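Enquirer: Sharing a structure here in structure tokens format.
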Amino acid sequence: MRIPRITLGICQHASRGVASRLPRPSVAPWPWQGVARARNISSGTAQKEVKVDETKVYKTDEWMNTPSTILAAVPRRLHLQKDHPLRITRELIESRFPGFKTYNNLFPVVTIGQNFDSLGFPADHVGRSRTDTYYLNKDTVLRTHTSAHQVDTFRANESAGYLISADVYRRDAIDRSHYPVFHQMEGARTWDRAAASSNKTLAELIWDDVAKIPKHSIDVEDPNPTTHAERNPLQDGHSAEEVEAVAAHLKRSLEDMVVTIFTAAKTAAAEAGSETTAAAQAPLKLRWVEAYFPFTSPSWELEVFWQGDWLEVLGSGIPQQSLLNTAGVPNRVGWAFGLGLERIAMLLYSIPDIRLFWSTDTRFLSQFSSAGPISRFVPFSKYPACIKDVSFWLPQRSSSSAAGGISRNVGATATASSSPTTTTSHDFHENDVMEIAREVCGDLVEDVHLVDEFVHPKTGRRSMCYRTNYRSLERTLTNEETNELHDKFRQQLVEKLGVELR
């Protein structure tokens, strides 16, 4: 999703429909700075320990790449805040899974064993890279997905079904639908093969449970067979009869949940008077699409026809039996799904920018209540944008970082007395630029994207040009502010990445 481009380097200070300009507050670009902050416990030039959420202390090493602004987000726990749209969305989903045990307070710091190894991530998987993941040390990360707790939850075996909702952390792009901290929900339902008897097979028991799921009248497209030898294979040790029943239970359960969500969204849109086009008035439709996920087989995505487009809303499938074996429950078989709470909430409430979820502005928060019906978000203003470009040559000097990615000091909370390590064009990763932009500009940057790159025909040097859109969700930015932010951003690119500005 991209906003219309405007004249480079020019801030629009007058705009129809824009609220009166507010006094410039003396706050940092991040809305939660001052609420909680990671502390440098050690003395000297290199940080040796970091405190997370004022409760737990972790040793750090050269793999540490988690900035204090990210650690400061840990205590926010938006999915638990009263009347927050993420909490309301979470509770709406939970209401469609009676009897499932919920886990909503799992701590976000996990081992690489939990986050990667237990799920079978290859040693060279890109997700393990410091360009993608926030490390505290070589063995410890901020979870990148709720599945970091999947094997532990299966092992605990406290209920046949469970739901996990949690904040997750990834170094990612900057735009209105991506944020370094977001929220996922995953769920699973399993059956014990020992429950089968001479009277009923396990498949028959599962079909009995399928019959208990509420029915709906929405049109569902599901043209493919449950399994396909090449596209969606049956796992070794699984019977076709059992998987057919498990897949039916998965699909009926998730259809019930999605129909509930989008029926509420459709009602909210109608009450807001926004369902005026033919596309908006089109009946709700669902379709199942074959998919590939490394942890499930067979696998499916569920899509919804919403306001004229097919939208992917979740992924699902039959968990790899190896995961259940690792968890010590080899006799169980079942299904699992995962979704992004922000994505669902943005559709449900028509929230246009993911940064809004982190807003502490009462004009945003006061619009939501768990006590009333779902209602569409009403923008309180659309403040003008300020777009600026930064162009640079990537360095040709070599770098050494055992952990990979950019300089090991980038984004860390260690002091900056040590000399910067540079990166070559071979080491360069776009997420490094995004991380620096977030660290310098916080939530005052709406979008950063590459607009031009080329390789010099004689020198072989590589040039990049990134366009940065500055826009506050709560006030009009001045030229002086954006110039100051952009200058700091440019300087940090030089210091952290060793680039040469053009």
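The chains in the structure tokens are called A, B, ... from first to last as shown; in each chain the residues are counted from 1, and the ligands are counted from 1 in the order shown.
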Residues within 6 Å of segment 184-201 of chain A, please, as a VMD selection string. Count only C-alpha atoms; anything in the same chain fewer than 2 positions from it doesn't count.
Expert: chain A and resid 160 to 166 203 to 204 331 to 341
Enquirer: Please return, as JSON, numbers by chain, all residues of segment 85-163 of chain A that DSSP assigns to strand (DSSP E or B) on the basis of the backbone.
Expert: {"A": [101, 102, 103, 109, 110, 111, 135, 136, 137, 140, 141, 142, 161, 162, 163]}
Enquirer: Produce a file of the selected residues containing N, CA, C and O atoms, as a compact mmCIF listing (two decimals), in the first residue's frame.
Expert:
# COMPACT_ATOMS: atom_id res chain seq x y z
N LYS A 101 -7.99 -23.99 25.64
CA LYS A 101 -7.21 -23.28 26.66
C LYS A 101 -6.46 -22.13 26.00
O LYS A 101 -5.86 -22.31 24.93
N THR A 102 -6.47 -20.96 26.62
CA THR A 102 -5.82 -19.80 26.05
C THR A 102 -4.53 -19.48 26.79
O THR A 102 -4.45 -19.58 28.02
N TYR A 103 -3.52 -19.08 26.02
CA TYR A 103 -2.23 -18.66 26.56
C TYR A 103 -1.95 -17.26 26.01
O TYR A 103 -1.63 -17.11 24.83
N VAL A 109 10.87 -13.49 25.21
CA VAL A 109 12.26 -13.90 25.03
C VAL A 109 12.33 -15.42 25.06
O VAL A 109 11.91 -16.05 26.03
N VAL A 110 12.86 -16.00 23.98
CA VAL A 110 12.92 -17.46 23.85
C VAL A 110 14.30 -17.87 23.35
O VAL A 110 15.10 -17.03 22.92
N THR A 111 14.58 -19.15 23.43
CA THR A 111 15.85 -19.67 22.93
C THR A 111 15.75 -19.92 21.43
O THR A 111 14.65 -20.06 20.87
N TYR A 135 18.21 -10.48 18.14
CA TYR A 135 18.97 -11.32 19.06
C TYR A 135 19.35 -10.54 20.32
O TYR A 135 19.66 -9.35 20.25
N LEU A 136 19.36 -11.25 21.46
CA LEU A 136 19.97 -10.72 22.68
C LEU A 136 21.38 -11.29 22.83
O LEU A 136 22.29 -10.63 23.30
N ASN A 137 21.52 -12.54 22.46
CA ASN A 137 22.82 -13.19 22.37
C ASN A 137 22.68 -14.34 21.37
O ASN A 137 21.59 -14.56 20.83
N THR A 140 19.70 -16.59 22.22
CA THR A 140 18.45 -16.03 22.74
C THR A 140 17.93 -14.95 21.81
O THR A 140 18.69 -14.07 21.37
N VAL A 141 16.62 -15.00 21.51
CA VAL A 141 16.01 -14.04 20.59
C VAL A 141 14.68 -13.57 21.15
O VAL A 141 14.12 -14.16 22.08
N LEU A 142 14.17 -12.48 20.57
CA LEU A 142 12.77 -12.13 20.73
C LEU A 142 12.00 -12.98 19.72
O LEU A 142 12.36 -13.01 18.54
N GLY A 161 -7.53 -28.63 22.76
CA GLY A 161 -7.37 -27.47 21.90
C GLY A 161 -6.75 -26.31 22.65
O GLY A 161 -6.98 -26.14 23.85
N TYR A 162 -5.94 -25.51 21.97
CA TYR A 162 -5.35 -24.34 22.62
C TYR A 162 -5.28 -23.18 21.64
O TYR A 162 -5.29 -23.36 20.42
N LEU A 163 -5.20 -21.96 22.19
CA LEU A 163 -4.98 -20.73 21.44
C LEU A 163 -3.86 -19.95 22.11
O LEU A 163 -3.87 -19.78 23.33
Enquirer: Could you produce a table of the residues of segment 424-494 of chain A lying within 9 Å of segment 346-363 of chain A, with the nearest pair of atoms per residue and their separation in Å rounded to one decimal, using only C-alpha atoms, ordered by chain and increasing residue number, as CSV?
Expert:
residue,atom,partner,partner_atom,distance
A:Asp443,CA,A:Arg355,CA,6.8
A:Glu446,CA,A:Arg355,CA,8.2
A:Leu473,CA,A:Leu356,CA,7.3
A:Glu474,CA,A:Asp361,CA,7.5
Enquirer: Within segment 119-169 of chain A, find each residue whose DSSP state, derived from the backbone, is alpha helix (DSSP H), and express the selection as a ChimeraX atom specification.
Expert: /A:150-156
Enquirer: Hey, can you spit out that residue selection with N, CA, C and O atoms as a short mmCIF file (atom, residue, chain, number, x, y, z; two decimals), in the first residue's frame?
Expert:
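Heads up, here's the output in result-v9.cif:
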data_model
loop_
_atom_site.label_atom_id
_atom_site.label_comp_id
_atom_site.auth_asym_id
_atom_site.auth_seq_id
_atom_site.Cartn_x
_atom_site.Cartn_y
_atom_site.Cartn_z
N GLN A 150 5.00 -23.70 20.37
CA GLN A 150 4.13 -24.78 19.92
C GLN A 150 4.51 -26.13 20.53
O GLN A 150 3.66 -26.83 21.10
N VAL A 151 5.78 -26.50 20.43
CA VAL A 151 6.20 -27.80 20.95
C VAL A 151 6.00 -27.86 22.46
O VAL A 151 5.54 -28.88 22.99
N ASP A 152 6.33 -26.78 23.16
CA ASP A 152 6.15 -26.75 24.62
C ASP A 152 4.68 -26.91 24.99
O ASP A 152 4.34 -27.59 25.97
N THR A 153 3.80 -26.29 24.21
CA THR A 153 2.37 -26.38 24.50
C THR A 153 1.83 -27.77 24.20
O THR A 153 1.03 -28.32 24.97
N PHE A 154 2.27 -28.34 23.09
CA PHE A 154 1.89 -29.73 22.80
C PHE A 154 2.39 -30.66 23.92
O PHE A 154 1.70 -31.58 24.35
N ARG A 155 3.61 -30.41 24.40
CA ARG A 155 4.20 -31.26 25.43
C ARG A 155 3.40 -31.16 26.73
O ARG A 155 3.17 -32.18 27.40
N ALA A 156 2.96 -29.96 27.08
CA ALA A 156 2.17 -29.78 28.31
C ALA A 156 0.85 -30.53 28.23
O ALA A 156 0.36 -31.03 29.24
#
Enquirer: For Tyr169 of chain A, which residue among A:Val74, A:Val52, A:Leu324, A:Leu302 is the nearest when counting only C-alpha atoms?
Expert: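 The shortest atom-to-atom distance to Tyr169 of chain A comes from A:Val74.
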Enquirer: From the list A:Lys488, A:Arg252, A:Arg475, A:His149, which residue is nearest Ala437 of chain A when using only C-alpha atoms?
Expert: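 Under the stated criterion, the closest residue is A:Lys488.
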Enquirer: For Glu500 of chain A, work out the shell of residues within 9 Å, counting only C-alpha atoms and skipping chain neighbours fewer than 6 positions away, then give it as an MDAnalysis selection string.
Expert: chainID A and resid 391:395 493:494
Enquirer: Would you save the residues from that selection as a PDB file, in the first residue's frame, using C-alpha atoms?
Expert:
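As a result, again.pdb now contains:
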ATOM      1  CA  SER A 391      21.004   8.357  -2.088  1.00  0.00           C
ATOM      2  CA  PHE A 392      24.264   6.624  -1.309  1.00  0.00           C
ATOM      3  CA  TRP A 393      27.039   4.429  -2.628  1.00  0.00           C
ATOM      4  CA  LEU A 394      27.531   1.107  -0.898  1.00  0.00           C
ATOM      5  CA  PRO A 395      31.073   0.739   0.475  1.00  0.00           C
ATOM      6  CA  LEU A 493      23.465   5.382   7.508  1.00  0.00           C
ATOM      7  CA  VAL A 494      27.028   6.597   7.158  1.00  0.00           C
TER       8      VAL A 494
END
Enquirer: So, counting only C-alpha atoms, which residue among A:Lys51, A:His84, A:Arg461, A:His125 is closest to Ile374 of chain A?
Expert: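 Closest to Ile374 of chain A of all the choices is A:His84.
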Enquirer: Looking at A:Asp256, A:Asp452, A:Glu435, A:Asp61, which one is nearest to Arg467 of chain A, with distances taken over only C-alpha atoms?
Expert: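 So, comparing all the options, the nearest one is A:Asp452.
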